[in-house]
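J.: This structure is in C-alpha cells; I'll ask about it shortly.
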Protein chains: 2
Amino acid sequence: MTQLRFALAQIDTCVGDLNGNADLILKYARNAARGGARVVVFPEMTLTGYPIEDLAFRATFRRAAWDKADEMAGQLKQEGLGDLYVVAGTVGTAPGSDKPRNRMVVFHDGVVWAGYDKHFLPNYGVFDEFRIFSSGERSLVLDIDGVRVGVAICEDIWQDGGPVAALATQHVDLLLTINGSPYEEGKLHARYDLAVRRAHEVDAPVIYVNQVGGQDDLVFDGGSFVVDADGTLLERSAMFVQALDFWDFDTESTRQHVAHIQPDLDADQEVYCACVLGLQDYMAKNRFHGVCLGLSGGIDSALVATMAADACGGEQVWGISMPSMYSSDGSRDDAADLADRLHAHYDIRPIEPLFASFQHELSLEGVAAENLQARIRGVIVMAYSNARGVLALATGNKSELACGYSTIYGDAVGGYAPIKDLLKTRVWELARWRNKVAADGVTLGGVLDSITTAPDRARAQQAPIPVSSIEKPPSAELRPGQKDSDSLPQYALLDQVLAAYIEHAHGRADLLADGFDERTVDTVMRLVDRAEWKRRQYPLGPKVTALAFGRDRRLPITNAFRE
Amino acid sequence: MTQLRFALAQIDTCVGDLNGNADLILKYARNAARGGARVVVFPEMTLTGYPIEDLAFRATFRRAAWDKADEMAGQLKQEGLGDLYVVAGTVGTAPGSDKPRNRMVVFHDGVVWAGYDKHFLPNYGVFDEFRIFSSGERSLVLDIDGVRVGVAICEDIWQDGGPVAALATQHVDLLLTINGSPYEEGKLHARYDLAVRRAHEVDAPVIYVNQVGGQDDLVFDGGSFVVDADGTLLERSAMFVQALDFWDFDTESTRQHVAHIQPDLDADQEVYCACVLGLQDYMAKNRFHGVCLGLSGGIDSALVATMAADACGGEQVWGISMPSMYSSDGSRDDAADLADRLHAHYDIRPIEPLFASFQHELSLEGVAAENLQARIRGVIVMAYSNARGVLALATGNKSELACGYSTIYGDAVGGYAPIKDLLKTRVWELARWRNKVAADGVTLGGVLDSITTAPDRARAQQAPIPVSSIEKPPSAELRPGQKDSDSLPQYALLDQVLAAYIEHAHGRADLLADGFDERTVDTVMRLVDRAEWKRRQYPLGPKVTALAFGRDRRLPITNAFRE
C-alpha cells in the first residue's frame with residue numbers, strides 16, 4: 001500500500017453531552033470509512049466537549065466519559081468499523097491517581113487503544129488547564145500499517161521542547177495533532193506558521209485538526225489543515241462549519257499530494273462569522289429558539305439584530321423599540337426599517353408613561369434619571385425574554401464596555417452579548433461589510449452558508465442595516481441632544497487608546513510614549529478602571545480579539561493603581 | 001544578645017495602592033522599632049496588595065512597585081530605621097526576563113536587601129498564580145545577628161518538598177513565612193497544623209504572618225502566630241483586625257518564650273466578622289460611605305442590613321421597603337422594626353402603581369409577572385444608589401444563588417453581596433448569634449470591636465433582628481400565599497444536598513449513595529445547573545466556605561452533563 005487515507009473530522013461538540021458527542025463521532029466515523037479513510041481524526045477532548053473547566057473534578061463525569069468510550073469502541077466494531085483507526089480526545093486520569101488528564105485515545109478493533117496525555121497545559125489567556133489537569137510525561141508514536149505517526153495535543157506544538165522535541169529524534173512519518181484552538185482575528189496564520197515549524201522539526205507532514213463551534217465565550221473556528229515538512233499547504237478545511245475532509249499520505253513519495261484547499265475568508269467575514277456562530281451555538285446548546293433585544297435605531301442594536309437573524313432566522317427575532325421623550329423620529333424610523341429588512345418581529349413600547357410613574361415616586365435627576373430610562377427598557381426586554389422563553393441579547397460593544405458607557409441592569413441585560421469584543425470602529429466596519437456582501441449578491445460563507453434556510457438566504461441578500469444607522473453620530477438619546485462624544489473621546493481615537501491599554505497592557509507612561517495626549521489617556525484610564533465592576537456582571541459574548549474582557553483579562557475590581 | 005525581638009505586622013493593604021501601602025508599612029515599622037523589635041515582618045505582597053491578578057502583567061506597575069521599594073528603603077534609613085530589618089512582599093521579575101514573580105524583600109540599611117521568590121504557585125480554588133508568576137528556584141537563609149532565619153512565602157509551606165525541604169538540611173534557627181491566606185471556616189486550624197509540621201521539619205519555631213482585610217471576594221483573616229518546633233503555640237494575633245504583636249526569640253534556650261495568645265473566636269463569630277470586614281473593606285477601598293438595600297422583612301435582608309450597620313454605622317444604611325399587593329403587614333412591620341433597631345434610614349416605596357403601569361403595557365403572567373415585581377424593586381434600589389452615591393447591596397444567600405431562586409436584575413442587583421456564600425441555614429444561625437451576643441451584652445470581637453463608633457457600640461448591644469424575621473417561614477411574597485418550600489426542598493435538606501453537590505463535587509450517583517432521595521437530587525441538580533448563567537452576573541461577595549461560587553468554582557454555562 002502506498003496511500004494512507006486520513007479523514008479530518010472537524011466537528012462541533014457540546015461540553016458535557018457525552019451521548020450527543022459520541023453519536024456525532026460515530027456518524028463522522030461512518031462517513032470517513034465510507035470515504036475510504038484508514039484513520040479518522042477528531043479534535044481535542046471530542047467526547048467530553050472542550051473546555052470542560054472544573055467539570056474535570058467531578059468523578060462521576062470522568063467515569064461516565066470512560067464508560068462511554070468503552071461503549072463506543074464496541075459499537076464501532078459492531079458496525080464493522082473495527083479496522084478503522086478513530087483518533088479522538090477525552091478526559092483521563094493519571095496512572096494510580098484521580099488527577100484528571102487531557103487525553104488522546106484511539107478506537108480500534110473494539111477497544112480503546114493507545115492513550116497519549118497532553119504535556120503542555122496552557123494556563124494563560126482564557127486557559128486554566130494547569131488548574132484542572134496534570135501533565136502527561138510520555139511521547140507516543142502510533143504504528144498504522146507501518147507508518148509511524150507521532151501525536152500531540154494542541155499546546156504541545158505551541159511550546160518548544162516536550163513531546164515534539166522527543167518525536168524529532170524518533171523518525172516519524174507524520175505528526176498528528178488534535179486541537180481546541182479558540183478563534184481570534186489572525187490566529188489562523190499563527191497556527192499555520194507554527195505547524196510549519198513543527199513539520200520542519202520532525203521532518204514530516206503535520207495534520208492539524210481543530211474543533212469548530214461556540215462554547216460560552218469561546219468560538220472555535222475549525223480551519224483544519226495539513227502542511228508538508230517543507231511548509232507546503234496540502235489541505236485546508238472550511239472555517240466556522242463542521243467538515244469532513246480527506247487527505248492521502250503517500251508512503252513512498254517524498255512529495256505529498258495536495259488535496260482541497262479552502263480559500264481564505266477576509267478579516268471582516270471571519271469576525272462576523274465568529275460572532276454569528278458563537279450566538280448560534282449558545283442558543284442551540286442551551287435550547288433557545290429565538291432572541292429578543294431592544295432596537296434603538298443605532299448601529300449596535302442593528303448589527304446585533306442582523307447577526308441574530310443570520311443565526312436563527314429573522315422570524316425568531318423579537319425587536320422592541322422603546323422610545324422615550326428624547327428619542328428622535330429618525331431613530332424610530334431606522335429601528336422599524338431594520339426590523340422590516342430582517343423580517344423580524346417588531347413591537348413599539350414607549351417608556352414615557354413608565355418613566356413618569358417612576359419619577360412621580362423618585363424625582364431623579366442627571367445620570368440617575370438617564371439610568372432609569374435604560375433600566376425601564378431592561379425590564380421590558382427581560383419581560384419579553386421571560387414571557388416568550390427567548391434569549392435576551394445585550395447590544396453593547398467593547399468600547400462601551402471598556403468605558404462603562406452603558407447602564408448596568410439597563411441596556412446591559414441579557415444572556416449573551418454578541419458584539420462585546422468588537423470596538424465601536426469595528427462595529428461600523430462589520431455593518432458596512434454585511435451590507436456590502438448583501439448588495440454584491442455574494443454568498444456569505446462559513447456558518448452563514450450552512451445555517452440559513454431558503455427564505456433566509458433570500459433575505460440575506462438584502463442590505464439589512466439602514467444606512468442612517470451607520471452614518472449618524474452615535475447617541476444614547478437619554479437627554480436632549482446627547483452625543484457619545486460629549487462623554488467620550490472620538491471613537492477613532494478612543495479605540496486606539498483602548499487597544500493599547502487593554503490588549504497590550506500599556507500603562508500611563510507607555511500610552512504617553514505611544515503619542516496619545518495626557519488628557520485623553522487620563523480620561524480613558526479612569527473610565528476603564530472604574531467600570532471593572534460592571535464588566536464582571538456583563539453577559540457572556542464571543543471572544544474575537546487577542547484579549548477579550550472576561551477570563552482573558554482578570555483584573556481586581558478593588559484596585560488603586562492609576563498608572 | 002540572647003533575645004531577638006520580632007514584630008508581626010498584620011496589616012490591611014489595598015491592591016495597587018503603592019503609596020498607601022508604603023505609608024502603612026512605614027507606620028508599622030516605626031511602631032515596631034519603638035517597641036524594641038529587631039525585625040518587623042509584613043504579609044505576602046505587602047507593597048502591591050494581594051492578589052494583584054493580571055495587574056502583574058503591566059510593566060508600569062512592576063516598575064512603580066520597584067521604585068517605591070527603593071524610595072522606602074531610603075526613607076526608613078532617613079528616619080533612623082536603617083538598622084531595623086523590615087521583611088515585606090512585593091512583585092519582582094525573574095532574572096533576565098520580564099516574567100513577574102511573587103517576591104519577599106528585606107529593607108535594611110537604606111537598601112532593598114536579599115530577595116526570595118515564591119517557589120510553589122497555587123493555581124487551584126481562587127488562586128491563579130501559575131498564570132501570572134514564574135517560580136523562584138532558590139531557598140534563602142537570612143543571617144540576622146547570627147540567627148539563621150529561613151524564609152518561605154505562603155504556598156511554599158502548603159506543599160511538601162521545595163524550599164522548606166531544602167531549609168531542613170541547612171540548620172536554621174527559625175522559619176519565617178509571609179502569607180496572604182484567605183479566610184474560610186476552619187482554616188485557622190489547618191494553618192496551625194501545617195505550621196507545626198513545618199516547624200517539626202526544620203526543627204525550629206515558625207513565624208506565620210498573615211494579611212488582614214477584604215479584597216473583592218476574598219477576606220484575609222489575619223490570625224498571625226508563632227509555633228515552636230514541638231508544636232507549642234507561642235503567640236497568636238487577633239483575627240479580622242490589623243495588629244502589631246511582638247515575640248522574642250531566645251537564641252540560647254531550647255524552650256521558647258510564650259507571648260500573648262488571642263483566644264479563639266467561635267465559628268459564628270468568625271463567619272460574621274468575615275462578612276462584615278469584606279463589606280467594610282470593599283466600601284473603604286472603593287470609596288463608598290454608605291449602602292442601600294431593599295428591606296423585605298425577611299431574614300436575608302435583615303441580616304445584610306445588620307452587617308452593613310456593623311460595617312459602616314446604621315446612619316449610613318438606607319433601607320427601602322417596597323411592598324406589593326402580596327406583601328404581608330407582618331413583613332412591612334418587621335422591615336420598619338429592623339430599620340428602627342439599626343438606626344437606619346427607612347423609606348417606603350410601594351411598587352403597586354409601578355407594577356400596574358408595566359402591566360398596562362405588558363400583561364405578564366406567572367413567573368414573568370413575579371420577576372417584574374422584583375425588577376421594579378431592582379430599579380428603585382439602583383436609583384437610590386445612583387442618586388446618593390451609595391453602594392447597593394444584594395441580599396441573596398448561597399442556597400438561593402445555587403438554585404437560581406432569585407430574579408436577575410431584580411433582587412440580584414448590587415455592587416456587593418455580603419451573604420452570598422452563606423447557606424440559608426447558616427443565615428438563620430448567624431442571625432440568632434448576632435441577636436444573642438447583643439442580648440448577652442458581650443463585645444462582638446474582631447472587626448466589630450475596632451470599627452464601631454461610640455453610638456454604634458451602644459446600638460450594637462441591642463438585638464438588631466426582629467424575632468419574627470427569623471422565625472417565619474421564608475417567602476419571596478411574589479404571589480398570594482407563596483412559600484419558598486413550594487419551589488424548593490426544605491432548607492435543612494436542601495443545604496445538605498447543596499454542600500455535597502457543590503463543595504464536594506458529588507455527582508448524581510454519589511448523592512444517591514449519600515442517602516438523598518432521587519427526586520430531591522434530580523430537582524436540586526437541575527436547579528443548580530440551570531442557574532449558572534445567573535451566578536455569572538451576580539455581584540461579588542465574601543468567600544467564607546471551602547468552595548464559594550465565583551472563581552472558586554469555574555463551570556461552563558453551556559454544559560449538558562446531568563449526572
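Ligands are numbered from 1 in the order shown, chains are lettered A, B, ... in the order of the C-alpha cells, and residues start at 1 in each chain.
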For chain B, work out the contacting residues on chain A at 7 Å, counting only C-alpha atoms, and write them as an MDAnalysis selection string.

T.: chainID A and resid 15:17 52:55 58 60 123:124 131 215:216 285:286 354 357:358 364 368 375 379 383 386:387 409 505:507 536:539 553:561 563

J.: Excluding same-chain residues fewer than 6 positions from Asp421 in chain B, what lies within 8 Å of it counting only C-alpha atoms, as a list in words?

T.: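 That gives Asn397, Lys398, Gly541, Pro542, Lys543, Val544, Thr545, Ala548 and Phe549 of chain B.
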
J.: As number ranges by chain, please: every residue in range 272-442 of chain A that a backbone DSSP assignment puts in helix (DSSP H, G or I).

T.: A: 272-285, 299-312, 314-316, 329-342, 352-362, 366-388, 398-403, 424-440

J.: Per DSSP on the backbone, what are the strand (DSSP E) residues of range 55-205 of chain A, as a PDB file with N, CA, C and O atoms, in the first residue's frame?

T.:
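Dumped everything to states.pdb:
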ATOM      1  N   TYR A  85      -9.051   3.331  12.288  1.00  0.00           N
ATOM      2  CA  TYR A  85      -8.427   3.966  13.449  1.00  0.00           C
ATOM      3  C   TYR A  85      -9.160   5.283  13.719  1.00  0.00           C
ATOM      4  O   TYR A  85      -9.163   6.166  12.861  1.00  0.00           O
ATOM      5  N   VAL A  86      -9.784   5.377  14.877  1.00  0.00           N
ATOM      6  CA  VAL A  86     -10.536   6.582  15.223  1.00  0.00           C
ATOM      7  C   VAL A  86      -9.787   7.317  16.336  1.00  0.00           C
ATOM      8  O   VAL A  86      -9.692   6.831  17.466  1.00  0.00           O
ATOM      9  N   VAL A  87      -9.228   8.459  16.002  1.00  0.00           N
ATOM     10  CA  VAL A  87      -8.413   9.224  16.957  1.00  0.00           C
ATOM     11  C   VAL A  87      -9.269  10.339  17.539  1.00  0.00           C
ATOM     12  O   VAL A  87      -9.793  11.171  16.803  1.00  0.00           O
ATOM     13  N   ALA A  88      -9.454  10.336  18.854  1.00  0.00           N
ATOM     14  CA  ALA A  88     -10.326  11.338  19.478  1.00  0.00           C
ATOM     15  C   ALA A  88      -9.766  11.742  20.830  1.00  0.00           C
ATOM     16  O   ALA A  88      -8.818  11.128  21.332  1.00  0.00           O
ATOM     17  N   GLY A  89     -10.381  12.787  21.414  1.00  0.00           N
ATOM     18  CA  GLY A  89      -9.923  13.259  22.715  1.00  0.00           C
ATOM     19  C   GLY A  89     -10.965  13.019  23.783  1.00  0.00           C
ATOM     20  O   GLY A  89     -12.160  12.981  23.504  1.00  0.00           O
ATOM     21  N   THR A  90     -10.505  12.841  25.022  1.00  0.00           N
ATOM     22  CA  THR A  90     -11.425  12.692  26.152  1.00  0.00           C
ATOM     23  C   THR A  90     -10.681  13.048  27.442  1.00  0.00           C
ATOM     24  O   THR A  90      -9.538  13.482  27.394  1.00  0.00           O
ATOM     25  N   VAL A  91     -11.355  12.883  28.565  1.00  0.00           N
ATOM     26  CA  VAL A  91     -10.684  13.117  29.845  1.00  0.00           C
ATOM     27  C   VAL A  91     -10.203  11.770  30.382  1.00  0.00           C
ATOM     28  O   VAL A  91     -10.894  10.761  30.265  1.00  0.00           O
ATOM     29  N   GLY A  92      -9.009  11.734  30.926  1.00  0.00           N
ATOM     30  CA  GLY A  92      -8.484  10.534  31.568  1.00  0.00           C
ATOM     31  C   GLY A  92      -8.022  10.886  32.966  1.00  0.00           C
ATOM     32  O   GLY A  92      -8.305  11.978  33.462  1.00  0.00           O
ATOM     33  N   THR A  93      -7.368   9.945  33.613  1.00  0.00           N
ATOM     34  CA  THR A  93      -6.732  10.271  34.891  1.00  0.00           C
ATOM     35  C   THR A  93      -5.309   9.739  34.869  1.00  0.00           C
ATOM     36  O   THR A  93      -5.002   8.798  34.130  1.00  0.00           O
ATOM     37  N   PRO A 100      -7.156  14.582  36.950  1.00  0.00           N
ATOM     38  CA  PRO A 100      -7.586  14.495  35.553  1.00  0.00           C
ATOM     39  C   PRO A 100      -6.467  14.797  34.548  1.00  0.00           C
ATOM     40  O   PRO A 100      -5.509  15.496  34.869  1.00  0.00           O
ATOM     41  N   ARG A 101      -6.636  14.239  33.371  1.00  0.00           N
ATOM     42  CA  ARG A 101      -5.709  14.475  32.268  1.00  0.00           C
ATOM     43  C   ARG A 101      -6.461  14.738  30.969  1.00  0.00           C
ATOM     44  O   ARG A 101      -7.566  14.238  30.780  1.00  0.00           O
ATOM     45  N   ASN A 102      -5.827  15.502  30.115  1.00  0.00           N
ATOM     46  CA  ASN A 102      -6.352  15.797  28.779  1.00  0.00           C
ATOM     47  C   ASN A 102      -5.776  14.746  27.837  1.00  0.00           C
ATOM     48  O   ASN A 102      -4.595  14.773  27.529  1.00  0.00           O
ATOM     49  N   ARG A 103      -6.595  13.808  27.382  1.00  0.00           N
ATOM     50  CA  ARG A 103      -6.109  12.567  26.764  1.00  0.00           C
ATOM     51  C   ARG A 103      -6.559  12.377  25.324  1.00  0.00           C
ATOM     52  O   ARG A 103      -7.686  12.706  24.958  1.00  0.00           O
ATOM     53  N   MET A 104      -5.650  11.822  24.532  1.00  0.00           N
ATOM     54  CA  MET A 104      -5.988  11.342  23.191  1.00  0.00           C
ATOM     55  C   MET A 104      -6.103   9.823  23.251  1.00  0.00           C
ATOM     56  O   MET A 104      -5.249   9.171  23.852  1.00  0.00           O
ATOM     57  N   VAL A 105      -7.158   9.278  22.636  1.00  0.00           N
ATOM     58  CA  VAL A 105      -7.283   7.818  22.568  1.00  0.00           C
ATOM     59  C   VAL A 105      -7.518   7.407  21.121  1.00  0.00           C
ATOM     60  O   VAL A 105      -7.903   8.229  20.285  1.00  0.00           O
ATOM     61  N   VAL A 106      -7.253   6.138  20.850  1.00  0.00           N
ATOM     62  CA  VAL A 106      -7.518   5.581  19.526  1.00  0.00           C
ATOM     63  C   VAL A 106      -8.473   4.409  19.691  1.00  0.00           C
ATOM     64  O   VAL A 106      -8.193   3.485  20.456  1.00  0.00           O
ATOM     65  N   PHE A 107      -9.612   4.488  19.016  1.00  0.00           N
ATOM     66  CA  PHE A 107     -10.550   3.375  18.999  1.00  0.00           C
ATOM     67  C   PHE A 107     -10.170   2.470  17.832  1.00  0.00           C
ATOM     68  O   PHE A 107     -10.059   2.938  16.684  1.00  0.00           O
ATOM     69  N   HIS A 108      -9.953   1.199  18.134  1.00  0.00           N
ATOM     70  CA  HIS A 108      -9.565   0.287  17.067  1.00  0.00           C
ATOM     71  C   HIS A 108      -9.852  -1.134  17.505  1.00  0.00           C
ATOM     72  O   HIS A 108      -9.549  -1.500  18.635  1.00  0.00           O
ATOM     73  N   VAL A 111     -11.609  -1.917  20.910  1.00  0.00           N
ATOM     74  CA  VAL A 111     -11.098  -1.464  22.214  1.00  0.00           C
ATOM     75  C   VAL A 111     -10.602  -0.021  22.147  1.00  0.00           C
ATOM     76  O   VAL A 111     -10.395   0.535  21.074  1.00  0.00           O
ATOM     77  N   VAL A 112     -10.475   0.555  23.343  1.00  0.00           N
ATOM     78  CA  VAL A 112      -9.868   1.886  23.433  1.00  0.00           C
ATOM     79  C   VAL A 112      -8.370   1.651  23.558  1.00  0.00           C
ATOM     80  O   VAL A 112      -7.883   1.140  24.554  1.00  0.00           O
ATOM     81  N   TRP A 113      -7.686   2.019  22.516  1.00  0.00           N
ATOM     82  CA  TRP A 113      -6.294   1.669  22.283  1.00  0.00           C
ATOM     83  C   TRP A 113      -5.383   2.730  22.876  1.00  0.00           C
ATOM     84  O   TRP A 113      -5.791   3.488  23.737  1.00  0.00           O
ATOM     85  N   ALA A 114      -4.185   2.829  22.346  1.00  0.00           N
ATOM     86  CA  ALA A 114      -3.135   3.698  22.877  1.00  0.00           C
ATOM     87  C   ALA A 114      -3.640   5.044  23.381  1.00  0.00           C
ATOM     88  O   ALA A 114      -4.475   5.677  22.741  1.00  0.00           O
ATOM     89  N   GLY A 115      -3.146   5.477  24.498  1.00  0.00           N
ATOM     90  CA  GLY A 115      -3.510   6.782  25.027  1.00  0.00           C
ATOM     91  C   GLY A 115      -2.297   7.693  25.122  1.00  0.00           C
ATOM     92  O   GLY A 115      -1.196   7.223  25.422  1.00  0.00           O
ATOM     93  N   TYR A 116      -2.511   8.945  24.831  1.00  0.00           N
ATOM     94  CA  TYR A 116      -1.452   9.950  24.983  1.00  0.00           C
ATOM     95  C   TYR A 116      -2.030  11.105  25.798  1.00  0.00           C
ATOM     96  O   TYR A 116      -3.140  11.557  25.522  1.00  0.00           O
ATOM     97  N   ASP A 117      -1.306  11.567  26.812  1.00  0.00           N
ATOM     98  CA  ASP A 117      -1.783  12.674  27.643  1.00  0.00           C
ATOM     99  C   ASP A 117      -1.043  13.961  27.307  1.00  0.00           C
ATOM    100  O   ASP A 117       0.193  13.978  27.226  1.00  0.00           O
ATOM    101  N   VAL A 141       4.242   7.224  19.597  1.00  0.00           N
ATOM    102  CA  VAL A 141       4.246   7.024  18.147  1.00  0.00           C
ATOM    103  C   VAL A 141       3.335   5.844  17.849  1.00  0.00           C
ATOM    104  O   VAL A 141       3.521   4.755  18.392  1.00  0.00           O
ATOM    105  N   LEU A 142       2.336   6.097  17.017  1.00  0.00           N
ATOM    106  CA  LEU A 142       1.427   5.026  16.601  1.00  0.00           C
ATOM    107  C   LEU A 142       1.999   4.361  15.353  1.00  0.00           C
ATOM    108  O   LEU A 142       2.530   5.041  14.475  1.00  0.00           O
ATOM    109  N   ASP A 143       1.843   3.063  15.289  1.00  0.00           N
ATOM    110  CA  ASP A 143       2.213   2.373  14.056  1.00  0.00           C
ATOM    111  C   ASP A 143       0.925   2.001  13.335  1.00  0.00           C
ATOM    112  O   ASP A 143       0.160   1.160  13.797  1.00  0.00           O
ATOM    113  N   ILE A 144       0.676   2.653  12.224  1.00  0.00           N
ATOM    114  CA  ILE A 144      -0.543   2.377  11.451  1.00  0.00           C
ATOM    115  C   ILE A 144      -0.116   1.870  10.079  1.00  0.00           C
ATOM    116  O   ILE A 144       0.408   2.636   9.277  1.00  0.00           O
ATOM    117  N   VAL A 147       3.227   2.868   9.044  1.00  0.00           N
ATOM    118  CA  VAL A 147       3.513   4.302   9.036  1.00  0.00           C
ATOM    119  C   VAL A 147       3.643   4.767  10.488  1.00  0.00           C
ATOM    120  O   VAL A 147       2.778   4.490  11.317  1.00  0.00           O
ATOM    121  N   ARG A 148       4.739   5.458  10.778  1.00  0.00           N
ATOM    122  CA  ARG A 148       4.990   5.895  12.146  1.00  0.00           C
ATOM    123  C   ARG A 148       4.374   7.282  12.358  1.00  0.00           C
ATOM    124  O   ARG A 148       4.849   8.266  11.797  1.00  0.00           O
ATOM    125  N   VAL A 149       3.316   7.320  13.157  1.00  0.00           N
ATOM    126  CA  VAL A 149       2.552   8.560  13.356  1.00  0.00           C
ATOM    127  C   VAL A 149       2.786   9.087  14.774  1.00  0.00           C
ATOM    128  O   VAL A 149       2.338   8.486  15.752  1.00  0.00           O
ATOM    129  N   GLY A 150       3.499  10.190  14.895  1.00  0.00           N
ATOM    130  CA  GLY A 150       3.685  10.852  16.193  1.00  0.00           C
ATOM    131  C   GLY A 150       2.448  11.668  16.508  1.00  0.00           C
ATOM    132  O   GLY A 150       1.741  12.122  15.605  1.00  0.00           O
ATOM    133  N   VAL A 151       2.166  11.853  17.806  1.00  0.00           N
ATOM    134  CA  VAL A 151       0.947  12.588  18.159  1.00  0.00           C
ATOM    135  C   VAL A 151       1.258  13.717  19.143  1.00  0.00           C
ATOM    136  O   VAL A 151       2.245  13.675  19.877  1.00  0.00           O
ATOM    137  N   ALA A 152       0.375  14.707  19.144  1.00  0.00           N
ATOM    138  CA  ALA A 152       0.486  15.825  20.082  1.00  0.00           C
ATOM    139  C   ALA A 152      -0.890  16.434  20.243  1.00  0.00           C
ATOM    140  O   ALA A 152      -1.748  16.318  19.356  1.00  0.00           O
ATOM    141  N   ILE A 153      -1.124  17.072  21.395  1.00  0.00           N
ATOM    142  CA  ILE A 153      -2.403  17.745  21.633  1.00  0.00           C
ATOM    143  C   ILE A 153      -2.148  19.244  21.771  1.00  0.00           C
ATOM    144  O   ILE A 153      -1.441  19.690  22.674  1.00  0.00           O
ATOM    145  N   LEU A 174       4.820  11.124  10.167  1.00  0.00           N
ATOM    146  CA  LEU A 174       3.721  12.094  10.227  1.00  0.00           C
ATOM    147  C   LEU A 174       3.591  12.591  11.658  1.00  0.00           C
ATOM    148  O   LEU A 174       3.861  11.832  12.592  1.00  0.00           O
ATOM    149  N   LEU A 175       3.135  13.829  11.818  1.00  0.00           N
ATOM    150  CA  LEU A 175       2.775  14.305  13.155  1.00  0.00           C
ATOM    151  C   LEU A 175       1.290  14.670  13.132  1.00  0.00           C
ATOM    152  O   LEU A 175       0.858  15.499  12.327  1.00  0.00           O
ATOM    153  N   LEU A 176       0.558  14.032  14.028  1.00  0.00           N
ATOM    154  CA  LEU A 176      -0.895  14.214  14.072  1.00  0.00           C
ATOM    155  C   LEU A 176      -1.231  15.048  15.305  1.00  0.00           C
ATOM    156  O   LEU A 176      -0.869  14.666  16.418  1.00  0.00           O
ATOM    157  N   THR A 177      -1.921  16.174  15.133  1.00  0.00           N
ATOM    158  CA  THR A 177      -2.271  16.987  16.305  1.00  0.00           C
ATOM    159  C   THR A 177      -3.767  17.208  16.350  1.00  0.00           C
ATOM    160  O   THR A 177      -4.404  17.479  15.334  1.00  0.00           O
ATOM    161  N   ILE A 178      -4.320  17.071  17.568  1.00  0.00           N
ATOM    162  CA  ILE A 178      -5.752  17.333  17.751  1.00  0.00           C
ATOM    163  C   ILE A 178      -5.861  18.574  18.631  1.00  0.00           C
ATOM    164  O   ILE A 178      -5.102  18.740  19.589  1.00  0.00           O
ATOM    165  N   ASN A 179      -6.786  19.470  18.266  1.00  0.00           N
ATOM    166  CA  ASN A 179      -6.760  20.804  18.829  1.00  0.00           C
ATOM    167  C   ASN A 179      -8.132  21.328  19.221  1.00  0.00           C
ATOM    168  O   ASN A 179      -9.138  20.973  18.603  1.00  0.00           O
TER     169      ASN A 179
END

J.: Could you state the separation of CA of Leu47 in chain B and CA of Ala22 in chain B in Å, given to one decimal place?

T.: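 Going from CA of Leu47 in chain B over to CA of Ala22 in chain B covers 6.0 Å.
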
J.: Can you list, as a list in words, every protein, DNA or RNA residue that comes within 6 Å of range 403-406 of chain B when you count only C-alpha atoms, leaving out same-chain residues fewer than 5 positions away?

T.: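 Residues meeting the cut-off are Leu527, Val528 and Ala531 of chain B.
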
J.: Could you tell me how far CA of Val206 in chain B lies from CA of Arg138 in chain B, in Å and to one decimal?

T.: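 A separation of 19.3 Å between them.
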
J.: Could you list, as a ChimeraX atom specification, every residue within 8 Å of range 256-261 of chain A, counting only C-alpha atoms and ignoring same-chain residues fewer than 6 positions away?

T.: /A:228,233-237,246-250

J.: Export, as a PDB file, in the first residue's frame, the selected residues with N, CA and C atoms.

T.:
ATOM      1  N   ASP A 228       3.134  20.177   4.705  1.00  0.00           N
ATOM      2  CA  ASP A 228       4.252  19.263   4.471  1.00  0.00           C
ATOM      3  C   ASP A 228       5.494  19.758   5.233  1.00  0.00           C
ATOM      4  N   LEU A 233       1.298  23.920   1.934  1.00  0.00           N
ATOM      5  CA  LEU A 233      -0.048  23.636   2.441  1.00  0.00           C
ATOM      6  C   LEU A 233      -0.654  22.525   1.591  1.00  0.00           C
ATOM      7  N   LEU A 234      -1.052  21.447   2.238  1.00  0.00           N
ATOM      8  CA  LEU A 234      -1.534  20.277   1.497  1.00  0.00           C
ATOM      9  C   LEU A 234      -3.047  20.124   1.547  1.00  0.00           C
ATOM     10  N   GLU A 235      -3.645  20.706   2.551  1.00  0.00           N
ATOM     11  CA  GLU A 235      -5.109  20.616   2.677  1.00  0.00           C
ATOM     12  C   GLU A 235      -5.549  21.701   3.618  1.00  0.00           C
ATOM     13  N   ARG A 236      -6.728  22.291   3.398  1.00  0.00           N
ATOM     14  CA  ARG A 236      -7.331  23.163   4.397  1.00  0.00           C
ATOM     15  C   ARG A 236      -8.839  23.026   4.362  1.00  0.00           C
ATOM     16  N   SER A 237      -9.421  22.836   5.568  1.00  0.00           N
ATOM     17  CA  SER A 237     -10.873  22.715   5.682  1.00  0.00           C
ATOM     18  C   SER A 237     -11.483  24.105   5.856  1.00  0.00           C
ATOM     19  N   PHE A 246     -10.683  14.793   3.378  1.00  0.00           N
ATOM     20  CA  PHE A 246      -9.777  13.647   3.250  1.00  0.00           C
ATOM     21  C   PHE A 246      -8.419  14.096   2.727  1.00  0.00           C
ATOM     22  N   TRP A 247      -7.404  13.409   3.193  1.00  0.00           N
ATOM     23  CA  TRP A 247      -6.056  13.662   2.678  1.00  0.00           C
ATOM     24  C   TRP A 247      -5.283  12.351   2.691  1.00  0.00           C
ATOM     25  N   ASP A 248      -4.579  12.088   1.581  1.00  0.00           N
ATOM     26  CA  ASP A 248      -3.856  10.821   1.446  1.00  0.00           C
ATOM     27  C   ASP A 248      -2.373  11.018   1.699  1.00  0.00           C
ATOM     28  N   PHE A 249      -1.847  10.243   2.613  1.00  0.00           N
ATOM     29  CA  PHE A 249      -0.412  10.250   2.845  1.00  0.00           C
ATOM     30  C   PHE A 249       0.218   9.210   1.929  1.00  0.00           C
ATOM     31  N   ASP A 250       1.186   9.656   1.161  1.00  0.00           N
ATOM     32  CA  ASP A 250       1.866   8.746   0.238  1.00  0.00           C
ATOM     33  C   ASP A 250       3.109   8.202   0.942  1.00  0.00           C
TER      34      ASP A 250
END

J.: B:Ser296, B:Ser475, B:Gln280, B:Gln490: which is nearest Pro418 in chain B, counting only C-alpha atoms?

T.: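 Counting only C-alpha atoms, the residue closest to Pro418 in chain B is B:Gln280.
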
J.: I'd like the contact shell of Gln10 in chain A - 9 Å cut-off, only C-alpha atoms, skipping same-chain residues fewer than 4 positions apart - returned as JSON, numbers by chain.

T.: {"A": [41, 42, 43, 209, 210, 211, 212, 222, 223, 224, 237, 241, 242, 243, 244, 245]}
